[in-house]
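J.: This is final.csv (CSV, C-alpha atoms and all ligand atoms).
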chain,number,residue,atom,x,y,z
A,291,MET,CA,-30.5,-4.5,44.0
A,292,ALA,CA,-28.9,-1.2,43.1
A,293,VAL,CA,-29.3,1.4,45.7
A,294,GLU,CA,-29.0,5.0,44.4
A,295,GLY,CA,-27.3,7.6,46.7
A,296,PRO,CA,-28.5,11.2,47.1
A,297,ALA,CA,-28.4,13.2,43.9
A,298,ALA,CA,-25.5,15.3,45.1
A,299,ALA,CA,-23.4,12.1,45.5
A,300,ARG,CA,-24.0,11.1,41.8
A,301,PRO,CA,-21.5,12.2,39.2
A,302,GLU,CA,-22.7,15.2,37.1
A,303,THR,CA,-23.5,14.2,33.5
A,304,PRO,CA,-25.0,16.3,30.7
A,305,GLN,CA,-28.2,14.2,31.1
A,306,ASN,CA,-28.8,14.7,34.8
A,307,ARG,CA,-27.8,18.4,34.5
A,308,GLU,CA,-30.6,18.8,32.0
A,309,GLN,CA,-33.0,16.9,34.3
A,310,ARG,CA,-32.0,19.2,37.2
A,311,LYS,CA,-32.6,22.3,35.1
A,312,GLY,CA,-36.0,21.0,34.1
A,313,VAL,CA,-37.0,20.5,37.7
A,314,ILE,CA,-35.9,24.1,38.6
A,315,MET,CA,-37.7,25.6,35.6
A,316,GLU,CA,-41.0,23.7,36.4
A,317,ASN,CA,-40.8,25.1,39.9
A,318,THR,CA,-41.1,28.8,38.8
A,319,ASN,CA,-44.0,30.9,37.5
A,320,GLU,CA,-43.7,34.4,36.3
A,321,MET,CA,-45.9,37.3,35.3
A,322,SER,CA,-45.2,40.9,34.3
A,323,LEU,CA,-47.3,44.0,34.0
A,324,GLU,CA,-46.5,47.4,32.5
A,325,PHE,CA,-48.8,50.3,33.3
A,326,ASP,CA,-49.1,54.0,33.3
A,327,SER,CA,-48.0,56.0,36.3
A,328,ARG,CA,-51.5,57.0,37.2
A,329,SER,CA,-52.7,56.8,40.8
A,330,LEU,CA,-55.8,54.8,39.8
A,331,ASN,CA,-53.5,52.0,38.7
A,332,GLU,CA,-52.0,51.4,42.1
A,333,GLY,CA,-55.1,49.5,43.4
A,334,PHE,CA,-55.3,47.4,40.3
A,335,VAL,CA,-51.7,46.4,40.4
A,336,ARG,CA,-51.9,45.5,44.1
A,337,VAL,CA,-54.8,43.2,43.5
A,338,ALA,CA,-53.2,41.7,40.4
A,339,VAL,CA,-50.1,40.7,42.4
A,340,ALA,CA,-52.3,39.4,45.3
A,341,ALA,CA,-54.2,37.3,42.8
A,342,PHE,CA,-51.0,35.9,41.3
A,343,ALA,CA,-49.9,35.0,44.9
A,344,THR,CA,-52.9,32.8,45.5
A,345,GLN,CA,-51.0,29.8,43.9
A,346,LEU,CA,-48.9,29.9,47.1
A,347,ASN,CA,-51.9,29.3,49.2
A,348,PRO,CA,-51.1,32.4,51.4
A,349,THR,CA,-52.7,33.3,54.7
A,350,LEU,CA,-54.7,36.5,54.8
A,351,GLU,CA,-51.9,38.2,56.7
A,352,GLU,CA,-49.3,37.2,54.0
A,353,VAL,CA,-51.6,38.6,51.3
A,354,ALA,CA,-52.1,41.8,53.2
A,355,ASP,CA,-48.3,42.2,53.8
A,356,LEU,CA,-47.6,41.6,50.1
A,357,LYS,CA,-50.3,44.1,49.0
A,358,THR,CA,-49.0,46.8,51.3
A,359,ALA,CA,-45.4,46.4,50.1
A,360,VAL,CA,-46.4,46.5,46.4
A,361,SER,CA,-48.6,49.5,47.1
A,362,GLU,CA,-45.8,51.4,48.7
A,363,ALA,CA,-43.3,50.7,45.9
A,364,VAL,CA,-45.8,51.5,43.1
A,365,THR,CA,-47.0,54.7,44.8
A,366,ASN,CA,-43.4,55.8,45.1
A,367,ALA,CA,-42.9,55.3,41.4
A,368,ILE,CA,-46.1,57.2,40.6
A,369,ILE,CA,-45.5,60.2,42.9
A,370,HIS,CA,-41.8,60.5,43.3
A,371,ALA,CA,-40.3,59.0,40.1
A,372,TYR,CA,-42.5,60.7,37.5
A,373,GLU,CA,-44.1,63.4,39.6
A,374,LYS,CA,-46.8,64.9,37.4
A,375,GLN,CA,-45.8,63.1,34.2
A,376,VAL,CA,-47.4,59.9,33.0
A,377,GLU,CA,-44.8,57.3,32.1
A,378,LYS,CA,-44.5,53.5,32.3
A,379,ILE,CA,-43.9,51.5,35.4
A,380,ARG,CA,-43.1,47.8,35.1
A,381,ILE,CA,-43.7,45.1,37.7
A,382,ASP,CA,-42.2,41.5,37.4
A,383,CYS,CA,-43.3,38.8,39.8
A,384,ARG,CA,-41.8,35.4,40.0
A,385,VAL,CA,-42.8,32.5,42.2
A,386,ARG,CA,-40.0,30.1,42.9
A,387,GLY,CA,-40.9,27.3,45.2
A,388,ARG,CA,-42.5,28.9,48.2
A,389,GLU,CA,-41.0,32.3,47.6
A,390,MET,CA,-42.2,35.2,45.6
A,391,GLU,CA,-39.9,37.9,44.1
A,392,VAL,CA,-41.4,41.2,43.0
A,393,GLU,CA,-39.5,43.9,41.1
A,394,ILE,CA,-40.8,47.3,40.4
A,395,VAL,CA,-38.9,49.4,37.8
A,396,ASP,CA,-39.3,53.0,36.9
A,397,HIS,CA,-37.2,55.3,34.6
A,398,GLY,CA,-37.9,58.4,36.6
A,399,VAL,CA,-35.8,60.9,38.5
A,400,GLY,CA,-33.9,58.4,40.6
A,401,ILE,CA,-32.8,58.7,44.2
A,402,PRO,CA,-29.5,60.5,45.0
A,403,ASP,CA,-28.9,58.8,48.4
A,404,VAL,CA,-30.7,55.4,48.7
A,405,GLN,CA,-29.5,54.7,52.2
A,406,LYS,CA,-30.9,58.0,53.4
A,407,ALA,CA,-34.2,57.6,51.5
A,408,MET,CA,-34.7,54.2,53.2
A,409,GLU,CA,-34.4,55.7,56.7
A,410,PRO,CA,-37.8,55.6,58.5
A,411,MET,CA,-39.5,59.0,58.4
A,412,TYR,CA,-37.3,60.4,55.7
A,413,THR,CA,-39.3,62.1,53.0
A,414,THR,CA,-38.7,64.7,50.3
A,415,LYS,CA,-42.4,65.5,50.1
A,416,PRO,CA,-43.5,66.5,53.7
A,417,GLU,CA,-45.7,69.2,52.1
A,418,MET,CA,-47.8,66.4,50.6
A,419,ASP,CA,-48.3,64.8,54.0
A,420,ARG,CA,-45.9,62.0,53.2
A,421,SER,CA,-44.7,60.3,56.3
A,422,GLY,CA,-41.5,58.7,54.9
A,423,MET,CA,-42.5,55.2,55.9
A,424,GLY,CA,-42.9,53.5,52.5
A,425,PHE,CA,-39.5,51.8,52.5
A,426,ALA,CA,-39.8,50.9,56.2
A,427,PHE,CA,-43.1,49.2,55.4
A,428,MET,CA,-41.6,47.3,52.5
A,429,GLU,CA,-38.8,46.2,54.7
A,430,ALA,CA,-41.1,45.1,57.5
A,431,PHE,CA,-43.6,43.2,55.4
A,432,MET,CA,-41.2,41.4,53.0
A,433,ASP,CA,-38.3,39.2,53.9
A,434,GLU,CA,-35.8,41.0,51.6
A,435,LEU,CA,-35.6,44.4,50.1
A,436,ARG,CA,-33.0,45.8,47.7
A,437,VAL,CA,-33.2,49.2,46.1
A,438,LYS,CA,-31.0,50.3,43.2
A,439,SER,CA,-31.3,53.8,41.8
A,440,GLU,CA,-29.4,56.3,39.7
A,441,PRO,CA,-30.4,60.0,39.4
A,442,GLY,CA,-31.8,60.7,36.0
A,443,VAL,CA,-32.0,57.0,35.1
A,444,GLY,CA,-34.5,55.5,37.4
A,445,THR,CA,-35.2,53.1,40.3
A,446,THR,CA,-35.5,49.4,40.8
A,447,VAL,CA,-37.1,48.0,43.9
A,448,TRP,CA,-36.6,44.2,44.4
A,449,MET,CA,-38.4,42.4,47.2
A,450,LYS,CA,-38.8,38.8,48.2
A,451,LYS,CA,-41.3,37.1,50.5
A,452,LYS,CA,-41.3,33.5,51.7
A,453,PHE,CA,-44.8,32.0,52.2
A,454,GLY,CA,-45.6,29.3,54.8
A,455,CYS,CA,-46.8,26.0,53.6
A,456,GLN,CA,-50.5,25.5,54.4
A,457,SER,CA,-51.6,22.4,52.5
A,458,GLY,CA,-49.0,21.6,49.9
A,459,GLN,CA,-51.1,23.2,47.1
A,460,ASN,CA,-48.2,25.5,46.2
A,461,ASP,CA,-46.3,22.7,44.6
A,462,LEU,CA,-46.0,23.6,40.9
A,463,SER,CA,-44.2,20.4,39.9
A,464,GLY,CA,-47.5,18.7,38.8
A,465,ASP,CA,-48.3,21.5,36.3
A,466,ALA,CA,-49.0,20.7,32.7
B,1,LIG,N1,-39.2,55.4,42.8
B,1,LIG,C1,-38.7,56.5,43.3
B,1,LIG,N2,-38.2,57.5,42.6
B,1,LIG,C2,-37.6,58.6,43.1
B,1,LIG,N3,-37.6,58.8,44.4
B,1,LIG,C3,-38.1,57.9,45.3
B,1,LIG,C4,-38.7,56.7,44.8
B,1,LIG,N4,-39.1,56.0,45.8
B,1,LIG,C5,-38.7,56.7,46.9
B,1,LIG,N5,-38.1,57.9,46.6
B,1,LIG,C6,-37.6,58.8,47.5
B,1,LIG,O1,-37.4,58.2,48.8
B,1,LIG,C7,-38.1,58.9,49.8
B,1,LIG,C8,-38.6,57.9,50.9
B,1,LIG,O2,-39.6,57.1,50.3
B,1,LIG,P1,-40.7,56.5,51.3
B,1,LIG,O3,-41.6,55.7,50.5
B,1,LIG,O4,-40.0,55.8,52.4
B,1,LIG,O5,-41.4,57.7,51.9
B,1,LIG,P2,-42.4,58.8,51.2
B,1,LIG,O6,-42.9,58.2,49.9
B,1,LIG,O7,-41.8,60.1,51.1
B,1,LIG,O8,-43.6,58.8,52.2
B,1,LIG,P3,-44.8,57.7,52.4
B,1,LIG,O9,-44.3,56.4,51.7
B,1,LIG,O10,-44.8,57.4,53.9
B,1,LIG,O11,-46.0,58.3,51.9
B,1,LIG,C9,-39.2,59.7,49.1
B,1,LIG,O12,-39.6,60.8,49.8
B,1,LIG,C10,-38.5,60.1,47.8
B,1,LIG,O13,-37.7,61.2,47.9
B,2,MG,MG,-43.6,56.3,49.7
Starting from the file, give its structure as structure tokens.
Ligand SMILES: Nc1ncnc2c1ncn2[C@@H]1O[C@H](COP(=O)(O)OP(=O)(O)OP(=O)(O)O)[C@@H](O)[C@H]1O
Ligand SMILES: [Mg+2]
T.:
Amino acid sequence: MAVEGPAAARPETPQNREQRKGVIMENTNEMSLEFDSRSLNEGFVRVAVAAFATQLNPTLEEVADLKTAVSEAVTNAIIHAYEKQVEKIRIDCRVRGREMEVEIVDHGVGIPDVQKAMEPMYTTKPEMDRSGMGFAFMEAFMDELRVKSEPGVGTTVWMKKKFGCQSGQNDLSGDA
């Protein structure tokens, strides 16, 4: 009887490379939204992302954390990036295995010093009762946070969260 070793021990052939790629692709699921930078859209986007995350069978706490982080990033794009103008904000979500990546992109004013902006309690809008805690919340409620920004070009906030396994329902490999 032929006994197969672990996949890593098998020689790489074009055929098994394609099979491997197929497995990886089946294990991802994506959605994107583009919306106007109006305050009323913040609630809708937060709920849409939470609904998309249900495939991961999250706990209530995980959903609440995700919603808070998305809400902070979207609110920043609405009030800081575009100030009083109405422009487009894009959000891309990707589930990969038990992780979810969320990217929020604006083409607004940008951030001159990202490191400083990410410090807890740093805000450029204290007169609007802003507490400067948005990035601190994103950092606390997600597992990874990366911010790229260029003045006059815009800002991209990328976050990742790993979800615990509750009942195995988050396995996408059986999808049609
Ligand atoms: N998308 C963005 N475009 C331009 N500037 C931004 C953006 N996001 C954040 N900033 C800048 O980074 C600062 C810190 O953001 P953070 O979310 O931590 O605090 P805040 O929005 O000022 O206050 P809070 O989130 O507590 O209401 C903001 O005051 C703003 O100057
Ligand atoms: Mg904020």
J.: Around ligand LIG 1 (chain B), which protein and nucleic acid residues have at least one atom no more than 8 Å from it, if we count only C-alpha atoms and all ligand atoms? List them as a ChimeraX atom specification.
T.: /A:362-372,395-396,398-401,404,406-416,419-427,439,444-447
J.: Just want the 12 Å neighbourhood of Phe334 of chain A, counted on all atoms listed in the file, with same-chain residues fewer than 2 positions away dropped. Output as a list in words.
T.: Leu323, Glu324, Phe325, Asp326, Ser327, Arg328, Ser329, Leu330, Asn331, Glu332, Arg336, Val337, Ala338, Val339, Ala340, Ala341, Lys357, Val360, Ser361, Val364 and Thr365 of chain A
J.: In terms of the shortest atom-to-atom distance over all atoms listed in the file, which of A:Phe453, A:Glu417, A:Asp403, A:Met321 is closest to Asn347 of chain A?
T.: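 With all atoms listed in the file as the atom set, the closest residue is A:Phe453.
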J.: Between atom CA of Glu393 of chain A and atom MG of ligand MG 2 (chain B), what is the distance in Å, rounded to a tenth?
T.: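 Answer for the atom CA of Glu393 of chain A to atom MG of ligand MG 2 (chain B) separation: 15.6 Å.
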J.: In Å, with one decimal, what is the gap from atom CA of Arg388 of chain A to atom CA of Asn319 of chain A?
T.: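 Atom CA of Asn319 of chain A lies 11.0 Å from atom CA of Arg388 of chain A.
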J.: Provide the atom CA of Trp448 of chain A to atom CA of Glu391 of chain A distance in Å, to one decimal place.
T.: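 Separation of atom CA of Trp448 of chain A and atom CA of Glu391 of chain A: 7.1 Å.
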